[in-house]
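For reference, the structure discussed in these notes is given below.
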Amino acid sequence: MSDDLFAGAAPKESAGPLADRMRPRALDEFIGQDHIVGPGRLLRRAIQRDRLSSIILSGPPGTGKTTLARVIANTTSSRFISINAVLSGVQAIRDAVDSAKRERDLYDRKTILFVDEVHRWNKAQQDALLPYVENGTIILIGATTENPFFEVNKALVSRSRVFQLRPLGDDDLLEAARAALADEARGYGRWKVGFEEGALEHLVKIADGDARSLLNALELAVETSAEPWPPAAGASVLVTMEAAEESIQRRAVLYDRDGDYHYDAASAFIKSVRGSDPDATLYWLARMVYAGEEPRFIFRRLLISASEDVGLADPGAMGVVESCAAAYERIGLPEGQFHLAEAALYLATAPKSNSCMAYFDALASVEEERADVPDHLRDANRDADGLGHGVGYLYPHAFRSHWTAQQYLPETLKGALFYQPGSLGYEAKVRDEVLRRRDAQLAAWLSGELEARVGSAAQAAAAGARAPGAPTSHRAAAAWTDRAEAGVAGGLAGLRDAVYKLAFPPRHANVLVLCADDGLLLREAVRLCPEGSAYGICRTAEAMERLSYAFSDVEELNKPVIAHCPEPGSVAEAAVRAAGHARFDLVVAVGFLSAFGDRADSIRGVRACVERFAKEPRTGSSEAAGGPSYLFAERSPLPGIAPALAKAFLSEGLASSFTEADAAFFSSGSAPGFSQEALSQAAIEAGLRPGAATVYRTEARRSLGDREADAWLAPDSAYGEAVVFALGESAAGDVRDALKKAFSSGPVPWPNAWSIVLAARASDS
């Protein structure tokens, strides 16, 4: 054991294997793994600031785990100790801990302990390290090729950040090879090394993401292509295709029957079935069978999927898989592969429903509340006379349709909903009947009480509201109404979920949130992207201060960077100044296009972002070189709501005229908000190419009154002006009175909609 990562006398740069000589010594030399050490990523920031906490690096061989540890050793001011779990035991841990304590007590200096192959330690060895990681005596860097959540002590994992390294892309491997060929001190830059067409590419392809495998093969290919080795400086060395093929063996399919890759392949297989992708299903099935997976294990997973993923959308799926499994037992391999394929393809192409998951919702209710069985459902054979058990039970078969609106849930759970029937396959046939009967059951018990509850919630939520075009004096009240409705009908929280469901950022994404004043979307970015970073631009300095305080509970390295910018045209530069870079992966602009009043200014602000954030291609990077994705969400104008409410209190002719006036107002473009088409057009004007799109809808109920009716039909509101112009003042007054009557009856249905569009830079391929 030594205080240095690779201790001992400093070796000559030309000594040792090429893969070891060419290890990067600094972050700027590190190739690949941009998702964890690229600009703005959490781990890069921690290394640069020397603020590293305990981490575990997980990934296949040759992806840079030990190299990254060496980079940290060269960067940190802390003392660095390295041990290998294969060669070291508990005594090595004790020695490391003792020296770490001395270093802390005498010099107030931290100690980083790098443990290679950490999964090779048994539980007792890992437990011996745990107290000192927990109290901060040692900062652990563990490296493992296995899944740390299975192979490393759970207590150690819970006290560490886990970073998963991926196999390197072909571009990354080519960059590593060319760096070795160009480096005069550590590689082959002293000679003119050339390759027959396709020879270097062959080495890269067969290396399959493993930089060590590539450099070992390159070393063998180059040094066996000149006789004797080394030749004179400046000599030419030609690596033929034959030499390249002999220097590297095709890697076996990475698979182990009991470890991480076994479960990863099975997971990919079932997720492909669930995703209704028959091609991917067959690929992962073939990969498992080729690697020697037990077919009975595969059938077991398929039987689970038949209920979990297909379920009642196709109740016959279980029988098909069971029949295929029975046929396999009779026939075996290799012909039994037909039955594996048939079962897998049947499930992959079947309609899907996970409504059986409702059982676990019911189970959660049982765990929380032990309700008594209602008297009318109890066994009447024993205690009917004495205790009244069974009295009041309605025998369904005594009714014409063999069903009656009777309650079967305990009293405390009346009205609870667990099963949500799907809309595909068999369930689509029974859905309407299930819902109809459920409605009848709900109506059979205190439906008035339920209505009162809904009305009370809506009444509490409605601090004020305004229709499109209401005067400025009502805008603040409307904003509070929108926020309050978040707790009643999904509202902003539901919009947040819809936005990130469409954008689906990876864990390592750098997310920029424009109009982040309320913090809702920014906090979700922090939660969804723990290995990346989040940035928020507020419209006011006050909002920025509030958010800074609101995120005081977040760990320092994960806190979002927050800035304020009151002008839409300046948000791009404000974001770059705040972040220190322009490498954003996702820009979330919810309400941005309408927040500043001038739609054209906001679109120009987005265009400035598009031009400023366009990524410069990074040499050797496997990630796309284009700019970030842009997620827009804006309120959608919904015509017809007010006419539908007033219709019952208007003559047929006036109701028809009001409906036409309302439709004309919304179609004229005078209404605030963006339709799906308008939002896509705004993205195009900003230099983007619209892609995936959706509409988020909520069906709320609002308690409205005379104030809202007067505000909407007021001549100084855009909506009121349009109605008065179309109908005349007298008829507009009748419409106002009709709306007041409609509102007086209690909470009224009031749908909301948001248009959501995901876009990319138009010049990206």
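Ligands are numbered from 1 in the order shown, residues from 1 within each chain, and chains are lettered A, B, ... in the order they appear in the structure tokens.
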
List the spatial neighbours of A:Ser668 as a list of chain:residue names - criterion: any atom at most 12 Å away, only C-alpha atoms, same-chain residues fewer than 6 positions off excluded.
A:Pro637, A:Pro639, A:Ala661, A:Asp662, A:Ala718, A:Tyr719, A:Ala722

Let's have the selection written as a JSON list (two decimals), in the first residue's frame, with C-alpha atoms.
[["chain", "number", "residue", "atom", "x", "y", "z"],
["A", 637, "PRO", "CA", -57.66, 28.92, -25.77],
["A", 639, "PRO", "CA", -63.92, 28.16, -27.13],
["A", 661, "ALA", "CA", -69.64, 35.16, -31.37],
["A", 662, "ASP", "CA", -67.57, 33.12, -28.91],
["A", 718, "ALA", "CA", -61.44, 42.03, -25.40],
["A", 719, "TYR", "CA", -63.99, 39.23, -24.96],
["A", 722, "ALA", "CA", -66.28, 41.07, -29.24]]

Can you tell me which residues surround stretch 597-608 of chain A at a distance of at most 12 Å, considering only C-alpha atoms, apart from same-chain residues fewer than 2 positions away, and format the answer as a PyMOL selection string?
chain A and resi 514-515+565-576+587-589+591-595+610-614+629-632+634+672-674+678-689+759-762

Output C-alpha atoms for every residue in that selection, as a short mmCIF file (atom, residue, chain, number, x, y, z; two decimals), in the first residue's frame.
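File written: result.cif
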data_model
loop_
_atom_site.label_atom_id
_atom_site.label_comp_id
_atom_site.auth_asym_id
_atom_site.auth_seq_id
_atom_site.Cartn_x
_atom_site.Cartn_y
_atom_site.Cartn_z
CA LEU A 514 -36.93 29.76 -18.25
CA CYS A 515 -39.61 31.56 -16.22
CA CYS A 565 -33.43 38.42 -16.33
CA PRO A 566 -36.37 40.79 -16.88
CA GLU A 567 -35.99 40.94 -20.67
CA PRO A 568 -36.77 37.93 -22.90
CA GLY A 569 -34.08 38.90 -25.42
CA SER A 570 -31.33 38.62 -22.80
CA VAL A 571 -32.09 35.22 -21.28
CA ALA A 572 -29.51 33.41 -23.43
CA GLU A 573 -26.60 35.50 -22.20
CA ALA A 574 -27.96 35.48 -18.65
CA ALA A 575 -28.05 31.68 -18.72
CA VAL A 576 -24.50 31.38 -20.08
CA VAL A 587 -34.49 24.12 -22.21
CA VAL A 588 -37.90 24.18 -20.51
CA ALA A 589 -39.97 27.23 -21.46
CA GLY A 591 -45.34 30.11 -20.18
CA PHE A 592 -42.26 31.95 -21.48
CA LEU A 593 -43.82 33.06 -24.77
CA SER A 594 -46.70 34.79 -22.99
CA ALA A 595 -44.97 35.92 -19.79
CA VAL A 610 -31.07 28.62 -30.16
CA GLU A 611 -28.15 30.45 -31.74
CA ARG A 612 -26.17 30.79 -28.51
CA PHE A 613 -26.66 27.25 -27.21
CA ALA A 614 -25.80 25.41 -30.43
CA SER A 629 -34.06 20.21 -27.02
CA TYR A 630 -36.65 22.90 -26.29
CA LEU A 631 -39.89 22.17 -24.45
CA PHE A 632 -42.62 24.79 -24.84
CA GLU A 634 -48.58 27.52 -23.21
CA PRO A 672 -54.55 34.92 -25.26
CA GLY A 673 -52.74 31.60 -25.35
CA PHE A 674 -51.44 29.31 -28.04
CA ALA A 678 -49.66 28.41 -33.07
CA LEU A 679 -47.12 27.04 -30.62
CA SER A 680 -45.47 24.96 -33.36
CA GLN A 681 -45.37 28.03 -35.61
CA ALA A 682 -43.72 30.05 -32.83
CA ALA A 683 -41.06 27.34 -32.53
CA ILE A 684 -40.44 27.52 -36.28
CA GLU A 685 -40.10 31.31 -36.11
CA ALA A 686 -37.47 30.82 -33.40
CA GLY A 687 -35.38 28.61 -35.72
CA LEU A 688 -36.56 25.28 -34.35
CA ARG A 689 -38.07 22.16 -35.82
CA ALA A 759 -38.56 21.01 -30.61
CA ALA A 760 -34.95 20.85 -31.80
CA ARG A 761 -32.71 23.20 -33.74
CA ALA A 762 -33.90 23.27 -37.34
#

Expressed in Å, the length from atom CA of A:Leu654 to atom CA of A:Val735 is 8.2 Å

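Reported to one decimal place, the separation of atom CA of A:Arg159 from atom CA of A:Ile55 is 8.3 Å.
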
I'd like the neighbourhood of A:Val511 as a PyMOL selection string, where a residue qualifies if any of its atoms comes within 7 Å (using only C-alpha atoms), though same-chain residues fewer than 5 positions away should be ignored.
chain A and resi 525+533-535+584-587

Hey, what's within 12 Å of A:Tyr346 if we count only C-alpha atoms and toss same-chain stuff fewer than 2 positions away? As a PyMOL selection string, please?
chain A and resi 273-274+276-278+281-282+302-303+305-306+310+314+316-322+324+339-344+348-352

So which residues of stretch 550-601 of chain A fall under strand (DSSP E or B) by DSSP, listed as number ranges by chain?
A: 561-564, 586-590

Prev. selection, N, CA, C and O atoms, output as a CSV table (one decimal), in the first residue's frame:
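File written: out29.csv
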chain,number,residue,atom,x,y,z
A,561,VAL,N,-28.4,26.5,-10.2
A,561,VAL,CA,-27.9,27.9,-10.4
A,561,VAL,C,-29.0,28.8,-10.8
A,561,VAL,O,-29.7,28.5,-11.8
A,562,ILE,N,-29.3,29.9,-10.1
A,562,ILE,CA,-30.5,30.7,-10.3
A,562,ILE,C,-30.0,32.1,-10.7
A,562,ILE,O,-29.2,32.7,-10.0
A,563,ALA,N,-30.6,32.7,-11.7
A,563,ALA,CA,-30.3,34.1,-12.1
A,563,ALA,C,-31.6,34.7,-12.5
A,563,ALA,O,-32.6,34.1,-12.6
A,564,HIS,N,-31.6,36.1,-12.6
A,564,HIS,CA,-32.8,36.7,-13.0
A,564,HIS,C,-32.5,37.6,-14.2
A,564,HIS,O,-31.4,38.0,-14.5
A,586,LEU,N,-31.5,20.4,-22.3
A,586,LEU,CA,-32.9,20.7,-22.4
A,586,LEU,C,-33.2,22.1,-21.9
A,586,LEU,O,-32.7,22.5,-20.8
A,587,VAL,N,-34.0,22.8,-22.6
A,587,VAL,CA,-34.5,24.1,-22.2
A,587,VAL,C,-36.0,24.0,-22.0
A,587,VAL,O,-36.7,23.7,-23.0
A,588,VAL,N,-36.5,24.3,-20.8
A,588,VAL,CA,-37.9,24.2,-20.5
A,588,VAL,C,-38.5,25.6,-20.5
A,588,VAL,O,-38.1,26.4,-19.6
A,589,ALA,N,-39.4,25.9,-21.4
A,589,ALA,CA,-40.0,27.2,-21.5
A,589,ALA,C,-41.5,27.1,-21.3
A,589,ALA,O,-42.2,27.1,-22.3
A,590,VAL,N,-41.9,27.0,-20.1
A,590,VAL,CA,-43.4,26.9,-19.8
A,590,VAL,C,-43.9,28.3,-19.5
A,590,VAL,O,-43.5,28.9,-18.5

Using only C-alpha atoms, which of the listed residues (A:Ala217, A:Val86, A:Ala326, A:Tyr393) sits closest to A:Gln249?
A:Ala217

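Around stretch 493-502 of chain A, within 8 Å and counting only C-alpha atoms, the residues found are Ala486, Gly490, Pro505, Leu520, Leu521, Glu524, Leu631, Ala633, Ala692, Ala693, Thr694, Tyr696, Trp754, Ile756 and Leu758 of chain A, once anything fewer than 3 positions away on its own chain is removed.
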
Among stretch 140-303 of chain A, which residues carry a DSSP assignment of alpha helix (DSSP H), reported as an MDAnalysis selection string?
chainID A and resid 148:151 154:158 170:182 199:207 211:223 241:247 260:274 278:290 295:303
